[in-house]
Every structure is written in C-alpha cells, then in structure tokens.
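Next comes start.cif, with mmCIF, C-alpha atoms.
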```
data_final
#
loop_
_atom_site.label_atom_id
_atom_site.label_comp_id
_atom_site.auth_asym_id
_atom_site.auth_seq_id
_atom_site.Cartn_x
_atom_site.Cartn_y
_atom_site.Cartn_z
CA MET A 1 -2.92 -12.80 23.68
CA ALA A 2 -4.49 -15.84 21.99
CA SER A 3 -2.36 -18.92 21.62
CA ARG A 4 -1.25 -20.27 18.25
CA PRO A 5 -2.66 -20.77 15.74
CA PHE A 6 -4.16 -17.30 15.44
CA GLY A 7 -7.62 -17.32 13.91
CA VAL A 8 -7.68 -14.98 10.89
CA LEU A 9 -10.83 -13.53 9.34
CA LEU A 10 -10.45 -12.07 5.84
CA VAL A 11 -12.63 -9.02 5.17
CA THR A 12 -13.41 -8.35 1.49
CA GLY A 13 -12.20 -10.65 -1.26
CA GLY A 14 -11.30 -10.79 -4.94
CA MET A 15 -9.74 -7.97 -6.97
CA THR A 16 -8.19 -6.48 -3.84
CA HIS A 17 -4.83 -7.14 -2.21
CA GLN A 18 -6.59 -9.77 -0.15
CA GLU A 19 -5.60 -12.11 -2.95
CA ASN A 20 -2.03 -11.71 -1.66
CA TYR A 21 -2.59 -11.11 2.04
CA GLY A 22 -4.94 -14.05 2.43
CA ALA A 23 -2.42 -16.29 0.70
CA GLY A 24 0.26 -15.01 3.08
CA PHE A 25 -1.79 -15.93 6.14
CA LEU A 26 -2.74 -19.30 4.67
CA ALA A 27 0.95 -20.10 4.13
CA ASP A 28 1.93 -19.37 7.74
CA PRO A 29 1.53 -22.30 10.19
CA ARG A 30 0.86 -19.86 13.02
CA ALA A 31 -2.39 -18.75 11.37
CA ARG A 32 -5.68 -20.50 10.67
CA VAL A 33 -7.91 -18.64 8.22
CA VAL A 34 -11.45 -19.27 9.45
CA GLY A 35 -13.35 -17.59 6.63
CA LEU A 36 -13.99 -14.55 4.46
CA THR A 37 -16.66 -11.99 5.25
CA ASP A 38 -17.92 -8.50 4.43
CA GLU A 39 -20.74 -6.10 5.14
CA PRO A 40 -24.06 -7.77 4.24
CA ASP A 41 -25.25 -4.96 1.96
CA VAL A 42 -22.35 -4.91 -0.54
CA ASP A 43 -23.32 -4.79 -4.20
CA GLU A 44 -23.63 -7.85 -6.44
CA ARG A 45 -20.17 -7.45 -7.96
CA ARG A 46 -18.44 -7.26 -4.59
CA ASP A 47 -20.47 -10.18 -3.25
CA ARG A 48 -19.50 -12.30 -6.26
CA LEU A 49 -15.81 -11.42 -5.88
CA ASN A 50 -15.93 -12.16 -2.16
CA ARG A 51 -17.47 -15.59 -2.69
CA GLY A 52 -15.03 -16.31 -5.51
CA LEU A 53 -11.94 -15.71 -3.37
CA ALA A 54 -13.40 -17.75 -0.52
CA ASP A 55 -13.90 -20.63 -2.95
CA GLN A 56 -10.38 -20.20 -4.33
CA PHE A 57 -8.88 -20.36 -0.84
CA GLY A 58 -11.17 -23.23 0.19
CA ILE A 59 -12.54 -21.36 3.22
CA PRO A 60 -16.12 -20.60 4.32
CA PHE A 61 -17.85 -17.47 3.11
CA LEU A 62 -19.54 -15.70 6.04
CA PRO A 63 -22.03 -13.16 4.65
CA ASP A 64 -22.47 -10.94 7.76
CA ILE A 65 -19.35 -9.32 9.20
CA ARG A 66 -20.81 -8.75 12.66
CA GLU A 67 -21.81 -12.38 13.00
CA ALA A 68 -18.37 -13.46 11.76
CA LEU A 69 -16.65 -11.18 14.27
CA ALA A 70 -18.67 -12.71 17.09
CA ARG A 71 -16.86 -16.04 16.62
CA SER A 72 -14.54 -16.89 19.48
CA ASP A 73 -11.98 -18.41 17.09
CA VAL A 74 -11.35 -15.07 15.31
CA HIS A 75 -8.37 -13.22 16.78
CA LEU A 76 -7.37 -10.91 13.94
CA VAL A 77 -8.80 -9.52 10.73
CA SER A 78 -7.24 -8.71 7.38
CA VAL A 79 -9.18 -5.73 6.00
CA CYS A 80 -9.06 -4.95 2.26
CA SER A 81 -12.37 -3.15 1.82
CA GLU A 82 -12.58 -0.33 -0.71
CA PHE A 83 -10.95 2.93 0.42
CA GLU A 84 -14.23 4.74 1.07
CA ARG A 85 -15.45 2.12 3.57
CA ARG A 86 -12.12 0.76 4.85
CA THR A 87 -12.07 2.84 8.03
CA ARG A 88 -15.71 2.05 8.81
CA VAL A 89 -15.09 -1.67 8.41
CA SER A 90 -11.88 -1.48 10.45
CA GLN A 91 -13.77 0.36 13.19
CA ILE A 92 -16.39 -2.41 13.34
CA CYS A 93 -13.58 -4.95 13.71
CA ALA A 94 -11.79 -2.92 16.39
CA GLU A 95 -14.98 -2.49 18.39
CA ALA A 96 -15.34 -6.28 18.26
CA GLY A 97 -11.90 -6.57 19.88
CA LYS A 98 -9.99 -7.99 16.93
CA HIS A 99 -6.39 -7.18 16.03
CA LEU A 100 -6.15 -5.29 12.72
CA TYR A 101 -4.08 -6.00 9.64
CA VAL A 102 -5.15 -3.29 7.18
CA ASP A 103 -4.42 -2.66 3.53
CA LYS A 104 -2.81 0.63 2.55
CA PRO A 105 -3.75 3.45 2.81
CA MET A 106 -5.82 2.96 5.94
CA VAL A 107 -8.11 6.01 6.04
CA THR A 108 -9.54 8.76 3.85
CA LYS A 109 -10.70 11.10 6.66
CA MET A 110 -8.56 12.09 9.62
CA ALA A 111 -11.43 12.25 12.12
CA GLU A 112 -12.11 8.59 11.33
CA ALA A 113 -8.42 7.81 11.76
CA ASP A 114 -8.37 9.42 15.21
CA LYS A 115 -11.38 7.37 16.27
CA LEU A 116 -9.92 4.10 14.98
CA VAL A 117 -6.54 4.65 16.64
CA ALA A 118 -8.25 5.57 19.91
CA THR A 119 -10.49 2.47 19.79
CA ALA A 120 -7.56 0.15 19.15
CA ARG A 121 -5.59 1.73 21.98
CA ARG A 122 -8.54 1.49 24.38
CA ARG A 123 -9.15 -2.16 23.52
CA GLY A 124 -5.44 -3.07 23.75
CA LEU A 125 -5.27 -4.15 20.11
CA ARG A 126 -2.32 -4.50 17.77
CA GLY A 127 -2.71 -2.92 14.35
CA GLN A 128 -0.48 -2.92 11.29
CA MET A 129 -0.80 -1.45 7.79
CA PHE A 130 0.82 -3.22 4.85
CA THR A 131 3.99 -1.51 3.62
CA GLN A 132 7.39 -2.39 2.18
CA VAL A 133 9.43 -1.87 5.36
CA GLY A 134 9.98 -5.63 5.60
CA ALA A 135 11.46 -5.83 2.11
CA PRO A 136 15.19 -6.64 1.90
CA TYR A 137 16.06 -3.22 0.43
CA ALA A 138 14.29 -1.46 3.31
CA ARG A 139 16.14 -3.59 5.86
CA ARG A 140 19.43 -2.68 4.20
CA LEU A 141 18.58 1.01 4.44
CA LYS A 142 17.58 0.70 8.10
CA GLY A 143 20.86 -1.01 8.95
CA ILE A 144 22.86 1.75 7.28
CA VAL A 145 20.93 4.56 9.01
CA ASP A 146 21.08 2.90 12.43
CA SER A 147 24.80 2.21 12.08
CA GLY A 148 25.55 5.92 12.26
CA ALA A 149 27.86 5.70 9.24
CA LEU A 150 26.04 8.57 7.51
CA GLY A 151 26.13 10.83 10.55
CA GLU A 152 23.09 12.95 11.34
CA ILE A 153 20.45 12.42 8.66
CA LYS A 154 19.65 15.65 6.84
CA SER A 155 17.47 14.61 3.91
CA ILE A 156 15.84 11.57 2.28
CA GLN A 157 14.55 11.23 -1.28
CA CYS A 158 12.49 8.28 -2.53
CA ASP A 159 11.70 7.60 -6.19
CA LEU A 160 9.16 4.78 -6.57
CA MET A 161 7.20 4.07 -9.75
CA PHE A 162 5.46 0.95 -10.97
CA ALA A 163 6.01 -0.30 -14.50
CA LYS A 164 2.51 -1.57 -15.25
CA GLY A 165 -0.30 -0.52 -17.53
CA PHE A 166 -0.63 0.41 -21.20
CA THR A 167 0.46 3.99 -21.79
CA GLY A 168 -1.05 6.49 -24.20
CA GLY A 169 -4.16 8.62 -24.25
CA ALA A 170 -3.43 11.19 -21.58
CA PRO A 171 -3.79 14.60 -23.33
CA LEU A 172 -0.54 16.34 -22.39
CA GLY A 173 -1.77 19.69 -23.69
CA ALA A 174 -4.73 19.79 -21.31
CA PRO A 175 -3.43 19.28 -17.77
CA ARG A 176 -6.12 18.39 -15.24
CA ARG A 177 -6.70 20.35 -12.06
CA GLU A 178 -6.42 18.64 -8.70
CA HIS A 179 -9.35 18.62 -6.27
CA ASP A 180 -9.42 19.20 -2.54
CA PRO A 181 -10.69 17.05 -1.01
CA PRO A 182 -10.36 14.20 -3.51
CA ARG A 183 -13.81 13.38 -4.85
CA ARG A 184 -13.35 9.61 -5.02
CA PHE A 185 -10.65 7.02 -4.35
CA THR A 186 -11.87 3.67 -5.71
CA PHE A 187 -12.09 2.87 -9.43
CA PRO A 188 -12.03 -0.46 -11.25
CA ASP A 189 -9.48 0.61 -13.88
CA ALA A 190 -7.30 3.32 -12.31
CA LYS A 191 -5.71 4.30 -8.99
CA ARG A 192 -4.72 7.63 -7.54
CA GLU A 193 -0.97 7.14 -7.68
CA ILE A 194 -0.07 9.55 -4.89
CA TRP A 195 -2.60 7.67 -2.77
CA THR A 196 -1.47 4.13 -3.56
CA THR A 197 2.26 4.58 -4.30
CA ALA A 198 3.49 7.51 -2.20
CA VAL A 199 2.21 5.72 0.91
CA TYR A 200 5.15 3.30 0.67
CA SER A 201 7.75 6.06 0.65
CA LEU A 202 6.04 8.10 3.38
CA THR A 203 6.01 5.17 5.78
CA LEU A 204 9.57 4.20 4.82
CA ILE A 205 10.88 7.72 5.55
CA ARG A 206 9.37 7.91 9.03
CA TRP A 207 10.39 4.31 9.82
CA LEU A 208 13.99 4.96 8.85
CA LEU A 209 14.09 8.06 11.05
CA GLY A 210 12.43 6.52 14.10
CA GLY A 211 8.97 8.05 13.75
CA PRO A 212 9.14 11.88 13.54
CA ARG A 213 5.94 13.49 12.30
CA PHE A 214 5.47 15.37 9.06
CA ARG A 215 5.05 19.12 9.54
CA SER A 216 4.53 20.46 6.01
CA VAL A 217 3.82 19.21 2.50
CA TYR A 218 4.19 20.82 -0.91
CA ALA A 219 3.00 18.67 -3.81
CA THR A 220 2.13 18.54 -7.48
CA SER A 221 0.02 15.98 -9.32
CA ALA A 222 0.00 15.27 -13.04
CA ASN A 223 -1.23 13.04 -15.85
CA TYR A 224 1.43 11.88 -18.28
CA PHE A 225 0.73 8.27 -19.22
CA PHE A 226 -2.73 6.70 -18.98
CA GLU A 227 -6.06 7.39 -20.60
CA GLU A 228 -7.80 5.51 -17.79
CA HIS A 229 -6.45 7.86 -15.14
CA TYR A 230 -7.28 10.96 -17.15
CA LYS A 231 -10.86 9.85 -17.79
CA ARG A 232 -11.31 9.08 -14.09
CA ASP A 233 -9.90 12.52 -13.23
CA VAL A 234 -7.09 11.10 -11.06
CA GLU A 235 -3.33 11.54 -11.23
CA ASP A 236 -0.91 8.94 -12.57
CA PHE A 237 2.15 10.79 -11.23
CA GLY A 238 2.97 13.00 -8.27
CA THR A 239 5.81 14.70 -6.39
CA LEU A 240 5.96 15.67 -2.72
CA ALA A 241 8.40 17.80 -0.72
CA LEU A 242 8.08 17.48 3.05
CA THR A 243 9.53 18.68 6.33
CA LEU A 244 9.58 16.64 9.54
CA ASP A 245 9.59 17.84 13.12
CA ASN A 246 13.18 16.69 13.69
CA GLY A 247 14.42 19.11 11.01
CA VAL A 248 14.89 16.50 8.27
CA THR A 249 13.60 17.34 4.79
CA ALA A 250 12.25 14.69 2.43
CA SER A 251 11.01 14.41 -1.13
CA LEU A 252 9.47 11.69 -3.20
CA ILE A 253 8.28 10.82 -6.67
CA ALA A 254 5.38 8.39 -7.03
CA GLY A 255 3.61 7.08 -10.10
CA ARG A 256 2.76 4.40 -12.62
CA ILE A 257 4.70 4.53 -15.88
CA GLY A 258 3.76 1.59 -18.10
CA TRP A 259 4.86 -1.98 -18.83
CA HIS A 260 7.64 -1.08 -21.27
CA SER A 261 9.18 1.77 -19.26
CA HIS A 262 11.49 -0.34 -17.10
CA ARG A 263 13.35 -3.63 -17.34
CA SER A 264 11.86 -4.86 -14.09
CA SER A 265 8.96 -3.76 -11.86
CA GLY A 266 9.85 -0.06 -11.94
CA PRO A 267 12.41 2.41 -10.55
CA ASN A 268 12.91 2.25 -6.79
CA PHE A 269 15.71 4.51 -5.51
CA THR A 270 16.36 5.88 -2.02
CA ARG A 271 18.90 8.67 -1.46
CA ILE A 272 19.93 9.50 2.10
CA ILE A 273 22.06 12.57 2.82
CA GLY A 274 23.86 12.68 6.15
CA SER A 275 26.27 15.03 7.88
CA LYS A 276 29.19 12.64 7.19
CA ARG A 277 28.35 11.05 3.87
CA SER A 278 25.51 10.22 1.50
CA PHE A 279 24.14 6.94 0.22
CA LEU A 280 22.09 5.85 -2.81
CA LEU A 281 20.35 2.49 -2.86
CA ASP A 282 18.79 0.94 -5.96
CA ALA A 283 16.29 -1.63 -4.68
CA HIS A 284 16.98 -3.71 -7.80
CA SER A 285 20.64 -4.18 -6.93
CA PRO A 286 22.66 -6.29 -7.00
CA ARG A 287 21.51 -7.78 -10.29
CA PHE A 288 22.65 -9.60 -13.39
CA GLU A 289 21.60 -8.08 -16.70
CA ILE A 290 20.59 -10.68 -19.26
CA SER A 291 20.73 -10.24 -23.03
CA SER A 292 19.11 -12.75 -25.35
CA ASP A 293 16.74 -13.04 -28.28
CA ARG A 294 13.92 -14.08 -25.99
CA LYS A 295 10.91 -11.87 -26.58
CA TRP A 296 8.74 -10.45 -23.81
CA ALA A 297 5.29 -8.99 -24.05
CA PRO A 298 2.95 -7.74 -21.35
CA PRO A 299 -0.23 -9.68 -20.64
CA ALA A 300 -3.24 -8.89 -22.78
CA LYS A 301 -5.11 -5.80 -21.64
CA ASP A 302 -7.79 -7.03 -19.29
CA PRO A 303 -11.04 -5.06 -19.78
CA ILE A 304 -11.77 -5.04 -16.04
CA ASP A 305 -8.17 -4.52 -14.87
CA PRO A 306 -6.19 -2.75 -17.62
CA MET A 307 -3.45 -1.64 -15.18
CA GLY A 308 -2.68 -5.15 -13.91
CA PHE A 309 -3.51 -4.31 -10.29
CA TRP A 310 -4.58 -7.75 -9.11
CA SER A 311 -2.94 -11.16 -8.95
CA SER A 312 -6.05 -12.89 -10.29
CA THR A 313 -6.19 -10.89 -13.51
CA MET A 314 -2.44 -11.24 -14.02
CA GLU A 315 -2.80 -15.01 -13.69
CA ARG A 316 -5.77 -15.01 -16.04
CA GLY A 317 -3.73 -13.05 -18.58
CA ASN A 318 -0.78 -15.46 -18.20
CA ALA A 319 1.55 -12.63 -17.21
CA GLN A 320 5.20 -13.61 -17.52
CA PRO A 321 8.13 -12.13 -15.58
CA LYS A 322 10.43 -9.81 -17.48
CA PRO A 323 13.57 -11.73 -18.48
CA PHE A 324 16.02 -8.80 -18.58
CA TRP A 325 17.32 -8.73 -15.01
CA HIS A 326 18.02 -11.44 -12.48
CA GLU A 327 18.09 -10.18 -8.90
CA PRO A 328 19.69 -12.76 -6.61
CA PRO A 329 18.31 -12.73 -3.06
CA ILE A 330 20.73 -11.09 -0.66
CA ALA A 331 18.58 -11.48 2.45
CA PRO A 332 15.82 -13.91 3.37
CA GLY A 333 12.42 -12.50 2.56
CA ARG A 334 9.39 -12.76 4.85
CA SER A 335 5.84 -11.78 4.12
CA ASP A 336 4.37 -8.70 5.76
CA GLN A 337 1.71 -10.99 7.20
CA ALA A 338 4.43 -13.03 8.93
CA LEU A 339 5.81 -9.83 10.47
CA PHE A 340 2.39 -9.06 11.94
CA LEU A 341 2.09 -12.56 13.35
CA ASP A 342 5.52 -12.04 14.94
CA CYS A 343 4.09 -9.02 16.77
CA LEU A 344 1.09 -10.96 18.05
CA GLU A 345 3.23 -13.91 19.05
CA GLN A 346 5.78 -11.75 20.87
CA ASP A 347 3.23 -9.19 22.14
CA LYS A 348 5.11 -6.23 20.67
CA GLU A 349 4.17 -3.19 18.61
CA PRO A 350 4.26 -3.52 14.80
CA GLU A 351 6.84 -1.51 12.91
CA VAL A 352 4.06 0.31 11.03
CA THR A 353 1.27 0.91 13.53
CA LEU A 354 -2.21 2.33 12.99
CA ASP A 355 -0.89 5.71 14.11
CA ASP A 356 1.87 5.47 11.49
CA ALA A 357 -0.78 4.59 8.91
CA ALA A 358 -2.81 7.64 9.91
CA GLN A 359 0.29 9.85 9.55
CA ALA A 360 0.80 8.64 5.98
CA SER A 361 -2.83 9.31 5.06
CA GLU A 362 -2.66 12.79 6.55
CA ALA A 363 0.43 13.64 4.50
CA MET A 364 -1.26 12.44 1.31
CA LEU A 365 -4.48 14.34 1.99
CA ALA A 366 -2.32 17.41 2.55
CA ALA A 367 -0.56 16.67 -0.73
CA TYR A 368 -3.85 16.81 -2.63
CA ARG A 369 -4.68 20.11 -0.94
CA SER A 370 -1.27 21.47 -1.89
CA ALA A 371 -1.58 20.28 -5.49
CA ALA A 372 -5.02 21.87 -5.74
CA THR A 373 -4.01 25.22 -4.23
CA GLY A 374 -0.34 25.50 -5.16
CA GLN A 375 0.46 26.25 -1.52
CA VAL A 376 2.55 24.61 1.19
CA VAL A 377 0.18 22.85 3.61
CA ALA A 378 1.00 22.71 7.32
CA LEU A 379 0.32 19.61 9.41
CA PRO A 380 -1.56 18.45 11.33
CA LEU A 381 -4.65 19.08 9.22
CA PRO A 382 -7.71 20.61 10.89
CA ARG A 383 -10.21 18.00 12.07
#
```

Would you mind writing the file out in structure tokens?
Amino acid sequence: MASRPFGVLLVTGGMTHQENYGAGFLADPRARVVGLTDEPDVDERRDRLNRGLADQFGIPFLPDIREALARSDVHLVSVCSEFERRTRVSQICAEAGKHLYVDKPMVTKMAEADKLVATARRRGLRGQMFTQVGAPYARRLKGIVDSGALGEIKSIQCDLMFAKGFTGGAPLGAPRREHDPPRRFTFPDAKREIWTTAVYSLTLIRWLLGGPRFRSVYATSANYFFEEHYKRDVEDFGTLALTLDNGVTASLIAGRIGWHSHRSSGPNFTRIIGSKRSFLLDAHSPRFEISSDRKWAPPAKDPIDPMGFWSSTMERGNAQPKPFWHEPPIAPGRSDQALFLDCLEQDKEPEVTLDDAAQASEAMLAAYRSAATGQVVALPLPR
C-alpha cells in the first residue's frame, strides 16, 4: 500500500459527479490530486468539460488516460465516465494496477462487471462505488439492525425520491413501454431514475443485512412528472419488489418528483420489520420546521441541465437552499471519499465493494427486464 498522501487521478470532468468527488479528494490531506484525464478520443463537448473542471480545481489536464495511468505517483482513480463507457474506463485503470473509486452505478453489462471484479481481485486492488451508506441516517439504521433490538429482520422498504426538476409535460394518458435491455443510459437532460436512484436503496439494503444476494426482482417503471424523461423514453419513477437469499423480502420506490414536491431534498424513508418489533426512520429527522414570509424559488431552468443534476449548473443558477426545514446534525458527517481513503490507509475492504456494485447493477438490469415483460426475474442473470 502506498504511503500518504495517496496520489489521486480524476477520470472525466465537468457535468458529472466528479465535481463533488474531486472536491472531496482535494479537501482531504491524505490525498494529492495529480490531474484529470480521460480517453483521448472523447468528443469536443466532453473534452471541453474535462479541461474546464481541471482548470477549476487548479490541476493539470492529462489528455491520454494510459499515459496518465503510467505515472508512478498515481495510486487511485476516481472514475465518473458516462455509463456506457464507465466499465471500459474502469477496466483500463484496474489493468494499470490502480485502486478504483467509481461513480454509481458501476456497470451496464454483467459480463463486463465479472471481468472488472476479477481483474481487481487478481491485482489486489481496493474498489468502492459511491453510495449513501456513510450518511448519518444510514449509520443510525446500521446501529439499530446490528443491536438486535428488532430481532430477526424479515423485510425492508426504502422510499427515496429527489425533489428536483420542473414537472409537467409527461402525457399521463399514454404510458410508455419499458425496454429490455435499456437502449441508452446517458442523456444531458434526463436520467433513468431506477438506474440512478434505486442504486442507493439496493446497496443500503444489502449493507444493512450483511451482504446477502438478491434472488428475484419484480418491477414497474412509469412516467408521471417530466417532459424531458418522456421525450428521452426513460422512466422518472419506479418500484421494485425483491427477495434475498437469506429469506428477507425488500421493496423500494425510486424517482424524481420536482422542486416543489417536498420541503427539503425529497422523501427518504426506511422501514425495517423484524421478528420482535419494527422501525421507521425518516432521514430528515430530527428537524425544526420553520414558518416565515420568506419566499423560495427554484433556480432558473438551465437549458443544458434542466433537472439540476450537477453542482456547476446549480451554482451558475444561484440555487438557494429551501428555508422550510432545519436539520441539526446528530452525527459527524464524512465524505464518501474519506471513507475510501480510510480503507486504503488501513488496508481493509470498503463497505461497498466492486462486487456489491455489480450486485446492484444486476438487480436494476433485472428490474428493467421485469418492467418490460411484467414477469418476476430470477437472479443471477444469464451472462
């Protein structure tokens, strides 16, 4: 294991979550961000966004990923490439012997996931996918489950929706049909909400239970809110019902529901049913509710990011926090990047490994198959 500081190479730049992850690594004294790189044949837009984030962070832009990976001062990579090329880029980094910090979800094809996990294992690499398991609410849930107070866990339900975007325009009388396999994952103005939101709940469920594997998925997908999603032929809302190999059942709701639909960032509830008692946690509790004549309005609709996905466009639109709730911190927060550096520093496995990331992707790919066919889908999926 390399000694501190760990040399970090950012892969893919602006208008991705690298805007947040890169800032997290820059803020940690155990890391030294050596530059930002990407595949040399990316299009002009991606190249411009890459160079822009490198300039913003004040780090070198390295135009050829293989040359950047050859540097001896690079110990780990933060990969935020578009979904369709994320596994390929991660594989290049793993073959170069670099530890992997990967945006979620990690893969779009399970054969590629198997290869990446096998390469990382063969090279003795640590790998972590970004999730919310380090958030204070998740830590509270883990403490309750591990305490045994609920008895044997029987079922978990997660409701997670993001209150962003300008609603209206989805034709409710003409429901779209789901596709198997999904035809495309990356769009500038919309996201598949099962793909980008359900991943948090899927990883949380397995993490709370100690890692059992999903064995079946039944899912529906829908379009209720956004014209952008409907025009891109992707869902803005989805539901999943799952079984795990330890006998636990699970269900989740995932979606994006609009700026004005919630007094904070969106509903985030976890219900855990045990043999002794049950527990419901609202991630926005405890909180103070604030009433005043102060007005709040969402940021102006950005033509290249109407959903408010990225920190840069939110800053450009002068987005202001909602003033309705104040949520006092009840536990010290740490960035997900800091948790990964802990693993490298202590030479231990991350809490959400590359195998865990692959499990989440497999469940979501099965969910699209189920939504397209109306059938329960058994796991693992055929390779």

On this file, the PyMOL selection byres ((chain A and resi 66-70) around 7) gives some set of residues; write that set as a tab-separated table (two decimals) with C-alpha atoms, in the frame of the given file.
```tsv
chain	number	residue	atom	x	y	z
A	37	THR	CA	-16.66	-11.99	5.25
A	62	LEU	CA	-19.54	-15.70	6.04
A	64	ASP	CA	-22.47	-10.94	7.76
A	65	ILE	CA	-19.35	-9.32	9.20
A	71	ARG	CA	-16.86	-16.04	16.62
A	72	SER	CA	-14.54	-16.89	19.48
A	74	VAL	CA	-11.35	-15.07	15.31
A	93	CYS	CA	-13.58	-4.95	13.71
A	96	ALA	CA	-15.34	-6.28	18.26
```

Which polymer residues have any atom within 9 Å of an atom of range 158-161 of chain A, counting only C-alpha atoms, with same-chain residues fewer than 4 positions away left out, as a CSV table (one decimal) with C-alpha atoms, in the frame of the given file?
```csv
chain,number,residue,atom,x,y,z
A,193,GLU,CA,-1.0,7.1,-7.7
A,197,THR,CA,2.3,4.6,-4.3
A,198,ALA,CA,3.5,7.5,-2.2
A,200,TYR,CA,5.2,3.3,0.7
A,201,SER,CA,7.8,6.1,0.6
A,202,LEU,CA,6.0,8.1,3.4
A,204,LEU,CA,9.6,4.2,4.8
A,205,ILE,CA,10.9,7.7,5.6
A,237,PHE,CA,2.2,10.8,-11.2
A,250,ALA,CA,12.2,14.7,2.4
A,251,SER,CA,11.0,14.4,-1.1
A,252,LEU,CA,9.5,11.7,-3.2
A,253,ILE,CA,8.3,10.8,-6.7
A,254,ALA,CA,5.4,8.4,-7.0
A,255,GLY,CA,3.6,7.1,-10.1
A,256,ARG,CA,2.8,4.4,-12.6
A,257,ILE,CA,4.7,4.5,-15.9
A,265,SER,CA,9.0,-3.8,-11.9
A,266,GLY,CA,9.8,-0.1,-11.9
A,267,PRO,CA,12.4,2.4,-10.6
A,268,ASN,CA,12.9,2.2,-6.8
A,269,PHE,CA,15.7,4.5,-5.5
A,270,THR,CA,16.4,5.9,-2.0
A,271,ARG,CA,18.9,8.7,-1.5
A,272,ILE,CA,19.9,9.5,2.1
```

Practice prompt. Write out as a ChimeraX atom specification each polymer residue whose atoms come within 10 Å of Val133 in chain A, counting only C-alpha atoms; drop sequence neighbours fewer than 4 positions from it.
Written response: /A:137-139,141-142,200-201,203-205,207-208,336,351-352

Worksheet, complete the sentence: Students should find that CA of Lys231 in chain A and CA of Phe162 in chain A are spaced 19.8 Å

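The list of residues with at least one atom within 8 Å of Ala54 in chain A, based on only C-alpha atoms and without residues fewer than 4 positions apart in the same chain, reads Gly13, Gly35, Leu36, Asn50, Gly58, Ile59, Pro60 and Phe61 of chain A.
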
Write the selection just made, keeping C-alpha atoms, as a compact mmCIF listing (two decimals), in the coordinates of the input?
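As written to disk, out35.txt reads:
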```txt
# COMPACT_ATOMS: atom_id res chain seq x y z
CA GLY A 13 -12.20 -10.65 -1.26
CA GLY A 35 -13.35 -17.59 6.63
CA LEU A 36 -13.99 -14.55 4.46
CA ASN A 50 -15.93 -12.16 -2.16
CA GLY A 58 -11.17 -23.23 0.19
CA ILE A 59 -12.54 -21.36 3.22
CA PRO A 60 -16.12 -20.60 4.32
CA PHE A 61 -17.85 -17.47 3.11
```

Worksheet item: Of the candidates A:Arg51, A:Arg126, A:Arg287, A:Arg121, which shows the shortest atom-to-atom distance to Tyr101 in chain A, using only C-alpha atoms?
Response: A:Arg126

Item to complete: Using the chain letters and numbers from the file, give me the residues hit by the PyMOL selection byres ((chain A and resi 300) around 9), as a PyMOL selection string.
Response: chain A and resi 297-299+301-302+306+317-319

Discussion item. Please report the interatomic distance between CA of Thr186 in chain A and CA of Glu84 in chain A in Å with one decimal.
Written reply: 7.3 Å

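Here the question is which of A:Met364, A:Ser155, A:His284, A:Pro329 gets nearest to Ser216 in chain A using all atoms listed in the file, and that residue is A:Met364.
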
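For the file shown, the residue list from the PyMOL selection byres ((chain A and resi 368) around 9) reads Glu178, His179, Asp180, Pro181, Pro182, Ile194, Ala219, Thr220, Ser221, Ala363, Met364, Leu365, Ala366, Ala367, Arg369, Ser370, Ala371, Ala372 and Thr373 of chain A.
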
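Among the candidates A:Ala113, A:Leu100, A:Ile156, A:Leu9, the one nearest to Ser278 in chain A when counting all atoms listed in the file is A:Ile156.
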
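CA of Thr353 in chain A sits 12.9 Å away from CA of Gly124 in chain A.
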
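With all atoms listed in the file as the atoms that count, the residue of A:Val199, A:Ala23, A:Pro63, A:Thr249 with the shortest distance to Asp41 in chain A is A:Pro63.
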
Worksheet item: Residues at most 9 Å from Phe25 in chain A, counting all atoms listed in the file, excluding those fewer than 5 positions away in the same chain, as a ChimeraX atom specification?
Response: /A:8,20,30-33,335,337-338,341

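If all atoms listed in the file are the atoms counted, then among A:Pro212, A:Pro136, A:Gly165, A:Pro323 the closest residue to Thr243 in chain A is A:Pro212.
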
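For Gly22 in chain A, the set of protein, DNA and RNA residues having any atom at most 8 Å away, when counting all atoms listed in the file and skipping those fewer than 3 positions along the same chain, is Leu10, Gln18, Glu19, Phe25, Leu26, Val33 and Ser78 of chain A.
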